Amino acid sequence: MKATPLSNCERRFLLRAVQEKKRLDGRQCYDYRNIRVSFGADRGCCIVELGRTRVLAQVSCELVPPKPSRPTEGVLFFNLELSPMAAPGLEPGRQSELLVSLNRLLERCLRDSKCIDTESLCVVAGEKVWQIRLDMHLLNHDGNITDAASIAGIVALCHFRRPDVSVQGEEVTVYTPEERDPVPLSIHHMPICVSFAFFHQGTYLLVDPTEREERVMDGLLVIAMNKHHEICTIQSSGVVMLLQDQILRCSKITAVKVAEITELIQKALENDQKARGALFGKEGGKFGFAESIPNQRITAFKMESAAVDTNDVEEQAGEIIAKADPPSEVFANPVLHTPGTAQIGEGIESSWGDLEESEKEEAAEEEGESEAAPFECEKVETEDTSTVRKTKSDEPIVLSDSEEEEVVILEPQELPRKTRTQASSKQENPSKKAFNKRRRKKRTSR
């Protein structure tokens, strides 16, 4: 299913708003939408919301043999999925140009920037290493998938914990979280992507474009940078030729935005760590997606507990029974309606089978109609016989005036002949019966 295209009126309206330095959601040209990070119950699962764009990230690991060219380094695998659940214009199971470009950009941002120490993932050189797999799913598309996916990916990697491993000779032992605490990944820095949309051949610039703004933009510039002001990757697409001053201005804006987002990610990780009770052995509170559920809503499924005193329950029950009036020993006489039925108590007599007033009226009307019907039939028959007597014997009689008229010709002279033939046929019948009896007797005698 293709996405609904923008009309010319919407396109002109958006471009006019960009010229006047106004945006549909009320932001300024260099403002980001609200970023919200929530974690799942398992380590390495998170959801990042950038405005109404939502991305789910999940990290998993397994022991695999290393690559022959790099026997002492672990394996990193990144995958981003776009489904029609996020937007109707996205097709499932098809590698579109948008999906391919996003996956390549995320690989350059996270793998080629060396943000993860791959040598720390080696267990036995040349035999077993950890493979870290990062799967991201787009839940809702409202523009700027690149920034939301990069934030979700780095947050999930920082939140993930792999099982601890020990090597004794040739034996490799993988410990469960109950036996040993899981080990976090060794992350050197956090690269984050910032997107810039250009309009009117690079004259106007917007940060964090929405889905409608992406449709009318002329070009897109993506810069991945960490908080140390190190550019990890840069990518430009569209039909805009950018100047050196424009790229430098975008890099300065990126440095400010990356510092703010990095601080937000660190605070979210610290809050989740405290909630899980991993710091200083304290008891944790709510963590995971339950943290985002407010307490003052019906969907929270939380109600204040009421204290109930269950002491001296038997004594209180005995006092209540003693104070109560004794039951009456008088029983009502049964009311006999018909043989085989009875009613005990002071209730109203059963009205089963009695008709209501409306039903009685309907029954009376039906009886009146049934009685009137034979009288009408008798009248019609008398009228027909009177008309027959008035007509002559040789003239046909018309019985109805409908479109299909039935004509009956009365021939009184032939009627006695028919009666004679009928009588003769009746007389012949006993003779035939006698003949049949004789034939049967002959057959039996043979």
# chains A, B, ... in the order shown; residues from 1 in each chain; ligands from 1
call {"tool": "residues_around", "arguments": {"residues": "Glu127 in chain A", "least_positions_apart": "5", "cutoff": "12 Å", "atoms": "only C-alpha atoms", "output": "list in words"}}
result
Leu63, Val64, Pro65, Pro66, Lys67, Pro68, Arg70, Pro71, Thr72, Glu73, Gly74, Cys122, Glu170, Glu171 and Val172 of chain A
call {"tool": "write_last_selection", "arguments": {"atoms": "N, CA, C and O atoms", "output": "CSV table (one decimal), in the first residue's frame"}}
result
chain,number,residue,atom,x,y,z
A,63,LEU,N,27.4,-17.5,21.9
A,63,LEU,CA,28.8,-17.9,21.6
A,63,LEU,C,28.9,-18.5,20.2
A,63,LEU,O,28.2,-19.4,19.8
A,64,VAL,N,29.8,-17.9,19.3
A,64,VAL,CA,30.0,-18.4,18.0
A,64,VAL,C,31.5,-18.4,17.7
A,64,VAL,O,32.3,-17.8,18.4
A,65,PRO,N,31.9,-19.1,16.6
A,65,PRO,CA,33.3,-19.1,16.2
A,65,PRO,C,33.6,-17.7,15.6
A,65,PRO,O,32.8,-17.1,14.9
A,66,PRO,N,34.8,-17.2,15.8
A,66,PRO,CA,35.1,-15.9,15.2
A,66,PRO,C,35.4,-15.9,13.7
A,66,PRO,O,35.5,-17.0,13.1
A,67,LYS,N,35.5,-14.7,13.1
A,67,LYS,CA,35.9,-14.7,11.7
A,67,LYS,C,37.4,-15.0,11.6
A,67,LYS,O,38.2,-14.7,12.4
A,68,PRO,N,37.7,-15.7,10.5
A,68,PRO,CA,39.1,-16.1,10.3
A,68,PRO,C,40.0,-14.9,10.2
A,68,PRO,O,41.2,-15.0,10.7
A,70,ARG,N,39.7,-12.1,11.9
A,70,ARG,CA,39.8,-11.5,13.2
A,70,ARG,C,39.5,-12.5,14.3
A,70,ARG,O,38.4,-12.6,14.8
A,71,PRO,N,40.5,-13.3,14.6
A,71,PRO,CA,40.2,-14.5,15.5
A,71,PRO,C,40.0,-14.0,17.0
A,71,PRO,O,39.5,-14.8,17.8
A,72,THR,N,40.5,-12.8,17.3
A,72,THR,CA,40.4,-12.3,18.7
A,72,THR,C,39.4,-11.3,18.9
A,72,THR,O,39.4,-10.6,20.0
A,73,GLU,N,38.5,-11.1,18.0
A,73,GLU,CA,37.5,-10.0,18.1
A,73,GLU,C,36.1,-10.6,18.1
A,73,GLU,O,35.8,-11.6,17.3
A,74,GLY,N,35.2,-10.0,18.8
A,74,GLY,CA,33.8,-10.5,18.8
A,74,GLY,C,33.1,-10.0,17.5
A,74,GLY,O,33.6,-9.3,16.7
A,122,CYS,N,36.0,-11.6,23.3
A,122,CYS,CA,36.7,-12.9,22.9
A,122,CYS,C,36.8,-13.7,24.2
A,122,CYS,O,37.1,-13.3,25.3
A,170,GLU,N,40.2,-26.5,28.3
A,170,GLU,CA,39.4,-26.5,27.1
A,170,GLU,C,37.9,-26.3,27.4
A,170,GLU,O,37.1,-26.2,26.5
A,171,GLU,N,37.6,-26.3,28.7
A,171,GLU,CA,36.2,-26.2,29.1
A,171,GLU,C,35.8,-24.7,29.3
A,171,GLU,O,36.5,-24.0,29.9
A,172,VAL,N,34.6,-24.4,28.7
A,172,VAL,CA,34.1,-23.0,28.8
A,172,VAL,C,32.8,-23.1,29.6
A,172,VAL,O,31.9,-23.8,29.1
call {"tool": "select_by_dssp", "arguments": {"residues": "range 184-261 of chain A", "states": "strand (DSSP E or B)", "output": "short mmCIF file (atom, residue, chain, number, x, y, z; two decimals) with N, CA and C atoms, in the first residue's frame"}}
result
data_model
loop_
_atom_site.label_atom_id
_atom_site.label_comp_id
_atom_site.auth_asym_id
_atom_site.auth_seq_id
_atom_site.Cartn_x
_atom_site.Cartn_y
_atom_site.Cartn_z
N PRO A 184 28.57 -6.01 31.98
CA PRO A 184 28.19 -5.03 30.95
C PRO A 184 29.18 -5.00 29.81
N ILE A 187 31.95 -0.11 26.51
CA ILE A 187 31.58 0.93 25.55
C ILE A 187 32.47 2.14 25.79
N ILE A 192 25.79 9.54 18.51
CA ILE A 192 24.38 9.86 18.33
C ILE A 192 24.23 10.64 17.03
N CYS A 193 23.22 10.30 16.26
CA CYS A 193 22.96 10.95 14.97
C CYS A 193 22.02 12.14 15.17
N VAL A 194 22.30 13.21 14.42
CA VAL A 194 21.46 14.41 14.39
C VAL A 194 21.18 14.73 12.93
N SER A 195 19.89 14.89 12.58
CA SER A 195 19.48 15.11 11.19
C SER A 195 19.10 16.56 10.97
N PHE A 196 19.47 17.07 9.76
CA PHE A 196 19.16 18.43 9.34
C PHE A 196 18.46 18.37 7.99
N ALA A 197 17.34 19.07 7.86
CA ALA A 197 16.59 19.14 6.60
C ALA A 197 16.77 20.52 5.99
N PHE A 198 17.04 20.55 4.66
CA PHE A 198 17.27 21.81 3.94
C PHE A 198 16.12 22.06 2.97
N PHE A 199 15.74 23.33 2.87
CA PHE A 199 14.64 23.75 2.00
C PHE A 199 15.10 24.92 1.13
N TYR A 204 17.04 27.50 3.89
CA TYR A 204 16.43 27.33 5.21
C TYR A 204 16.82 25.97 5.77
N LEU A 205 16.95 25.91 7.10
CA LEU A 205 17.45 24.72 7.78
C LEU A 205 16.53 24.39 8.96
N LEU A 206 16.20 23.09 9.12
CA LEU A 206 15.39 22.61 10.24
C LEU A 206 16.07 21.41 10.87
N VAL A 207 16.02 21.34 12.20
CA VAL A 207 16.57 20.22 12.96
C VAL A 207 15.43 19.28 13.32
N GLY A 219 16.93 18.40 0.69
CA GLY A 219 18.12 17.62 1.03
C GLY A 219 18.16 17.31 2.51
N LEU A 220 18.98 16.30 2.86
CA LEU A 220 19.09 15.85 4.25
C LEU A 220 20.56 15.64 4.58
N LEU A 221 20.97 16.13 5.75
CA LEU A 221 22.34 15.97 6.24
C LEU A 221 22.28 15.31 7.61
N VAL A 222 23.00 14.18 7.78
CA VAL A 222 23.05 13.43 9.04
C VAL A 222 24.48 13.43 9.54
N ILE A 223 24.67 13.88 10.77
CA ILE A 223 26.00 13.92 11.40
C ILE A 223 25.93 13.10 12.68
N ALA A 224 26.81 12.10 12.83
CA ALA A 224 26.93 11.29 14.04
C ALA A 224 28.14 11.76 14.82
N MET A 225 27.94 12.11 16.09
CA MET A 225 28.99 12.69 16.91
C MET A 225 28.82 12.21 18.35
N ILE A 231 33.44 13.58 15.32
CA ILE A 231 32.49 13.18 14.28
C ILE A 231 32.75 11.72 13.92
N CYS A 232 31.73 10.88 14.07
CA CYS A 232 31.85 9.44 13.79
C CYS A 232 31.51 9.13 12.33
N THR A 233 30.48 9.76 11.80
CA THR A 233 30.11 9.59 10.40
C THR A 233 29.28 10.78 9.98
N ILE A 234 29.23 10.99 8.66
CA ILE A 234 28.45 12.09 8.09
C ILE A 234 27.90 11.62 6.75
N GLN A 235 26.68 11.97 6.47
CA GLN A 235 26.04 11.54 5.24
C GLN A 235 25.11 12.64 4.74
N SER A 236 25.18 12.90 3.43
CA SER A 236 24.35 13.91 2.79
C SER A 236 23.58 13.26 1.65
N SER A 237 22.30 13.60 1.54
CA SER A 237 21.45 13.05 0.48
C SER A 237 20.52 14.13 -0.01
N GLY A 238 20.03 13.98 -1.23
CA GLY A 238 19.12 14.96 -1.81
C GLY A 238 19.76 15.66 -3.00
#
call {"tool": "select_by_dssp", "arguments": {"residues": "range 206-255 of chain A", "states": "alpha helix (DSSP H)", "output": "count of residues only"}}
result
18
call {"tool": "residues_around", "arguments": {"residues": "Leu6 in chain A", "least_positions_apart": "4", "cutoff": "8 Å", "atoms": "only C-alpha atoms", "output": "list in words"}}
result
Glu10, Arg11 and Arg215 of chain A
call {"tool": "closest_residue", "arguments": {"among": "A:His188, A:Ser69, A:Gln95, A:Val167", "to": "Arg111 in chain A", "atoms": "only C-alpha atoms"}}
result
A:His188
call {"tool": "closest_residue", "arguments": {"among": "A:Thr173, A:Gln201, A:Gln244, A:Ser60", "to": "Met217 in chain A", "atoms": "only C-alpha atoms"}}
result
A:Gln201
call {"tool": "atom_distance", "arguments": {"atom1": "CA of Ala152 in chain A", "atom2": "CA of Leu269 in chain A"}}
result
12.4 Å
call {"tool": "decode", "arguments": {"residues": "range 72-225 of chain A", "atoms": "C-alpha atoms", "output": "PDB file, in the first residue's frame"}}
result
ATOM      1  CA  THR A  72      40.438 -12.348  18.722  1.00  0.00           C
ATOM      2  CA  GLU A  73      37.455 -10.019  18.137  1.00  0.00           C
ATOM      3  CA  GLY A  74      33.781 -10.481  18.775  1.00  0.00           C
ATOM      4  CA  VAL A  75      31.034 -10.144  16.172  1.00  0.00           C
ATOM      5  CA  LEU A  76      28.556  -7.251  16.015  1.00  0.00           C
ATOM      6  CA  PHE A  77      25.310  -7.506  14.064  1.00  0.00           C
ATOM      7  CA  PHE A  78      22.773  -4.701  13.580  1.00  0.00           C
ATOM      8  CA  ASN A  79      19.327  -4.969  11.995  1.00  0.00           C
ATOM      9  CA  LEU A  80      16.492  -2.466  11.600  1.00  0.00           C
ATOM     10  CA  GLU A  81      12.990  -3.587  10.578  1.00  0.00           C
ATOM     11  CA  LEU A  82      10.307  -1.379   9.013  1.00  0.00           C
ATOM     12  CA  SER A  83       6.771  -2.792   9.066  1.00  0.00           C
ATOM     13  CA  PRO A  84       3.364  -1.508   7.897  1.00  0.00           C
ATOM     14  CA  MET A  85       2.423  -1.258  11.569  1.00  0.00           C
ATOM     15  CA  ALA A  86       4.509   1.923  11.719  1.00  0.00           C
ATOM     16  CA  ALA A  87       3.230   3.509   8.490  1.00  0.00           C
ATOM     17  CA  PRO A  88       1.011   2.220   5.646  1.00  0.00           C
ATOM     18  CA  GLY A  89       3.615   3.149   3.037  1.00  0.00           C
ATOM     19  CA  LEU A  90       6.162   0.640   4.410  1.00  0.00           C
ATOM     20  CA  GLU A  91       6.057  -2.842   2.849  1.00  0.00           C
ATOM     21  CA  PRO A  92       6.967  -5.989   4.840  1.00  0.00           C
ATOM     22  CA  GLY A  93       9.683  -8.379   3.715  1.00  0.00           C
ATOM     23  CA  ARG A  94      11.117  -6.010   1.135  1.00  0.00           C
ATOM     24  CA  GLN A  95      14.516  -4.333   1.212  1.00  0.00           C
ATOM     25  CA  SER A  96      13.572  -0.810   0.191  1.00  0.00           C
ATOM     26  CA  GLU A  97      16.130   1.889  -0.499  1.00  0.00           C
ATOM     27  CA  LEU A  98      15.206   3.640   2.746  1.00  0.00           C
ATOM     28  CA  LEU A  99      15.792   0.483   4.805  1.00  0.00           C
ATOM     29  CA  VAL A 100      19.136  -0.286   3.142  1.00  0.00           C
ATOM     30  CA  SER A 101      20.426   3.265   3.655  1.00  0.00           C
ATOM     31  CA  LEU A 102      19.320   3.292   7.306  1.00  0.00           C
ATOM     32  CA  ASN A 103      21.036  -0.037   8.074  1.00  0.00           C
ATOM     33  CA  ARG A 104      24.286   1.088   6.432  1.00  0.00           C
ATOM     34  CA  LEU A 105      24.228   4.391   8.299  1.00  0.00           C
ATOM     35  CA  LEU A 106      23.668   2.660  11.665  1.00  0.00           C
ATOM     36  CA  GLU A 107      26.493   0.203  10.991  1.00  0.00           C
ATOM     37  CA  ARG A 108      28.890   3.043  10.241  1.00  0.00           C
ATOM     38  CA  CYS A 109      27.693   4.900  13.333  1.00  0.00           C
ATOM     39  CA  LEU A 110      27.966   2.011  15.813  1.00  0.00           C
ATOM     40  CA  ARG A 111      30.450  -0.487  14.344  1.00  0.00           C
ATOM     41  CA  ASP A 112      32.906   1.593  12.323  1.00  0.00           C
ATOM     42  CA  SER A 113      33.151   4.228  15.062  1.00  0.00           C
ATOM     43  CA  LYS A 114      34.634   1.551  17.396  1.00  0.00           C
ATOM     44  CA  CYS A 115      32.278   2.547  20.202  1.00  0.00           C
ATOM     45  CA  ILE A 116      32.258  -1.082  21.479  1.00  0.00           C
ATOM     46  CA  ASP A 117      35.438  -2.906  22.454  1.00  0.00           C
ATOM     47  CA  THR A 118      35.179  -6.045  20.329  1.00  0.00           C
ATOM     48  CA  GLU A 119      38.345  -7.620  21.811  1.00  0.00           C
ATOM     49  CA  SER A 120      36.656  -7.828  25.219  1.00  0.00           C
ATOM     50  CA  LEU A 121      34.081 -10.152  23.607  1.00  0.00           C
ATOM     51  CA  CYS A 122      36.710 -12.854  22.925  1.00  0.00           C
ATOM     52  CA  VAL A 123      36.449 -16.003  25.088  1.00  0.00           C
ATOM     53  CA  VAL A 124      38.920 -18.388  23.413  1.00  0.00           C
ATOM     54  CA  ALA A 125      41.012 -16.936  20.584  1.00  0.00           C
ATOM     55  CA  GLY A 126      40.152 -18.533  17.276  1.00  0.00           C
ATOM     56  CA  GLU A 127      37.444 -20.772  18.805  1.00  0.00           C
ATOM     57  CA  LYS A 128      34.685 -18.921  20.671  1.00  0.00           C
ATOM     58  CA  VAL A 129      33.686 -15.292  20.845  1.00  0.00           C
ATOM     59  CA  TRP A 130      30.517 -13.428  21.786  1.00  0.00           C
ATOM     60  CA  GLN A 131      28.204 -12.317  18.997  1.00  0.00           C
ATOM     61  CA  ILE A 132      26.201  -9.224  19.989  1.00  0.00           C
ATOM     62  CA  ARG A 133      23.020  -8.819  17.971  1.00  0.00           C
ATOM     63  CA  LEU A 134      21.019  -5.572  18.018  1.00  0.00           C
ATOM     64  CA  ASP A 135      17.498  -5.778  16.576  1.00  0.00           C
ATOM     65  CA  MET A 136      15.467  -2.601  16.166  1.00  0.00           C
ATOM     66  CA  HIS A 137      11.805  -2.358  15.122  1.00  0.00           C
ATOM     67  CA  LEU A 138      10.030   0.801  14.073  1.00  0.00           C
ATOM     68  CA  LEU A 139       6.728   0.941  15.955  1.00  0.00           C
ATOM     69  CA  ASN A 140       5.450   4.305  14.700  1.00  0.00           C
ATOM     70  CA  HIS A 141       6.777   6.568  11.964  1.00  0.00           C
ATOM     71  CA  ASP A 142       6.482  10.328  12.315  1.00  0.00           C
ATOM     72  CA  GLY A 143       9.775  11.366  10.743  1.00  0.00           C
ATOM     73  CA  ASN A 144      13.502  11.232  11.611  1.00  0.00           C
ATOM     74  CA  ILE A 145      13.894   7.467  11.957  1.00  0.00           C
ATOM     75  CA  THR A 146      17.687   7.801  11.906  1.00  0.00           C
ATOM     76  CA  ASP A 147      18.000   9.774  15.138  1.00  0.00           C
ATOM     77  CA  ALA A 148      15.461   7.652  17.014  1.00  0.00           C
ATOM     78  CA  ALA A 149      17.115   4.376  15.903  1.00  0.00           C
ATOM     79  CA  SER A 150      20.642   5.582  16.815  1.00  0.00           C
ATOM     80  CA  ILE A 151      19.493   6.641  20.297  1.00  0.00           C
ATOM     81  CA  ALA A 152      17.602   3.367  20.835  1.00  0.00           C
ATOM     82  CA  GLY A 153      20.585   1.309  19.671  1.00  0.00           C
ATOM     83  CA  ILE A 154      23.186   2.926  21.930  1.00  0.00           C
ATOM     84  CA  VAL A 155      20.817   2.923  24.934  1.00  0.00           C
ATOM     85  CA  ALA A 156      20.074  -0.801  24.496  1.00  0.00           C
ATOM     86  CA  LEU A 157      23.800  -1.590  24.218  1.00  0.00           C
ATOM     87  CA  CYS A 158      24.579   0.376  27.397  1.00  0.00           C
ATOM     88  CA  HIS A 159      21.716  -1.307  29.242  1.00  0.00           C
ATOM     89  CA  PHE A 160      22.627  -4.849  28.157  1.00  0.00           C
ATOM     90  CA  ARG A 161      24.476  -7.364  30.351  1.00  0.00           C
ATOM     91  CA  ARG A 162      26.081 -10.523  28.976  1.00  0.00           C
ATOM     92  CA  PRO A 163      26.576 -13.719  31.054  1.00  0.00           C
ATOM     93  CA  ASP A 164      29.868 -14.199  32.834  1.00  0.00           C
ATOM     94  CA  VAL A 165      32.235 -16.868  31.464  1.00  0.00           C
ATOM     95  CA  SER A 166      35.152 -18.843  32.892  1.00  0.00           C
ATOM     96  CA  VAL A 167      37.685 -20.938  30.965  1.00  0.00           C
ATOM     97  CA  GLN A 168      39.475 -23.916  32.542  1.00  0.00           C
ATOM     98  CA  GLY A 169      41.676 -25.701  30.020  1.00  0.00           C
ATOM     99  CA  GLU A 170      39.398 -26.467  27.092  1.00  0.00           C
ATOM    100  CA  GLU A 171      36.155 -26.204  29.064  1.00  0.00           C
ATOM    101  CA  VAL A 172      34.100 -23.024  28.794  1.00  0.00           C
ATOM    102  CA  THR A 173      31.519 -22.439  31.529  1.00  0.00           C
ATOM    103  CA  VAL A 174      28.710 -19.925  31.070  1.00  0.00           C
ATOM    104  CA  TYR A 175      27.163 -18.825  34.367  1.00  0.00           C
ATOM    105  CA  THR A 176      23.544 -17.895  34.923  1.00  0.00           C
ATOM    106  CA  PRO A 177      22.587 -14.547  36.483  1.00  0.00           C
ATOM    107  CA  GLU A 178      21.826 -16.375  39.757  1.00  0.00           C
ATOM    108  CA  GLU A 179      25.346 -17.838  39.920  1.00  0.00           C
ATOM    109  CA  ARG A 180      27.285 -14.729  38.867  1.00  0.00           C
ATOM    110  CA  ASP A 181      26.320 -11.168  38.079  1.00  0.00           C
ATOM    111  CA  PRO A 182      26.161 -10.458  34.331  1.00  0.00           C
ATOM    112  CA  VAL A 183      28.892  -8.324  32.788  1.00  0.00           C
ATOM    113  CA  PRO A 184      28.186  -5.031  30.947  1.00  0.00           C
ATOM    114  CA  LEU A 185      29.635  -4.334  27.522  1.00  0.00           C
ATOM    115  CA  SER A 186      32.784  -2.274  27.255  1.00  0.00           C
ATOM    116  CA  ILE A 187      31.583   0.930  25.548  1.00  0.00           C
ATOM    117  CA  HIS A 188      34.104   3.689  24.853  1.00  0.00           C
ATOM    118  CA  HIS A 189      31.724   6.428  23.730  1.00  0.00           C
ATOM    119  CA  MET A 190      28.138   6.976  22.623  1.00  0.00           C
ATOM    120  CA  PRO A 191      27.730   8.160  19.013  1.00  0.00           C
ATOM    121  CA  ILE A 192      24.381   9.856  18.328  1.00  0.00           C
ATOM    122  CA  CYS A 193      22.956  10.952  14.974  1.00  0.00           C
ATOM    123  CA  VAL A 194      21.457  14.408  14.391  1.00  0.00           C
ATOM    124  CA  SER A 195      19.484  15.105  11.189  1.00  0.00           C
ATOM    125  CA  PHE A 196      19.156  18.434   9.344  1.00  0.00           C
ATOM    126  CA  ALA A 197      16.592  19.140   6.597  1.00  0.00           C
ATOM    127  CA  PHE A 198      17.271  21.810   3.936  1.00  0.00           C
ATOM    128  CA  PHE A 199      14.642  23.748   2.000  1.00  0.00           C
ATOM    129  CA  HIS A 200      14.765  26.143  -0.983  1.00  0.00           C
ATOM    130  CA  GLN A 201      18.188  24.960  -2.164  1.00  0.00           C
ATOM    131  CA  GLY A 202      19.783  25.144   1.288  1.00  0.00           C
ATOM    132  CA  THR A 203      18.453  28.582   2.222  1.00  0.00           C
ATOM    133  CA  TYR A 204      16.433  27.335   5.214  1.00  0.00           C
ATOM    134  CA  LEU A 205      17.447  24.717   7.779  1.00  0.00           C
ATOM    135  CA  LEU A 206      15.390  22.612  10.241  1.00  0.00           C
ATOM    136  CA  VAL A 207      16.573  20.216  12.958  1.00  0.00           C
ATOM    137  CA  ASP A 208      14.704  16.943  13.623  1.00  0.00           C
ATOM    138  CA  PRO A 209      12.254  17.084  10.667  1.00  0.00           C
ATOM    139  CA  THR A 210       8.836  15.445  10.946  1.00  0.00           C
ATOM    140  CA  GLU A 211       7.344  13.087   8.373  1.00  0.00           C
ATOM    141  CA  ARG A 212       5.532  15.875   6.478  1.00  0.00           C
ATOM    142  CA  GLU A 213       8.613  18.086   6.479  1.00  0.00           C
ATOM    143  CA  GLU A 214      10.681  15.200   5.066  1.00  0.00           C
ATOM    144  CA  ARG A 215       8.323  14.995   2.088  1.00  0.00           C
ATOM    145  CA  VAL A 216       8.882  18.590   0.998  1.00  0.00           C
ATOM    146  CA  MET A 217      12.590  18.955   1.865  1.00  0.00           C
ATOM    147  CA  ASP A 218      15.264  19.306  -0.825  1.00  0.00           C
ATOM    148  CA  GLY A 219      18.119  17.622   1.032  1.00  0.00           C
ATOM    149  CA  LEU A 220      19.091  15.846   4.250  1.00  0.00           C
ATOM    150  CA  LEU A 221      22.335  15.966   6.238  1.00  0.00           C
ATOM    151  CA  VAL A 222      23.049  13.429   9.043  1.00  0.00           C
ATOM    152  CA  ILE A 223      25.996  13.919  11.404  1.00  0.00           C
ATOM    153  CA  ALA A 224      26.929  11.289  14.036  1.00  0.00           C
ATOM    154  CA  MET A 225      28.990  12.693  16.915  1.00  0.00           C
TER     155      MET A 225
END
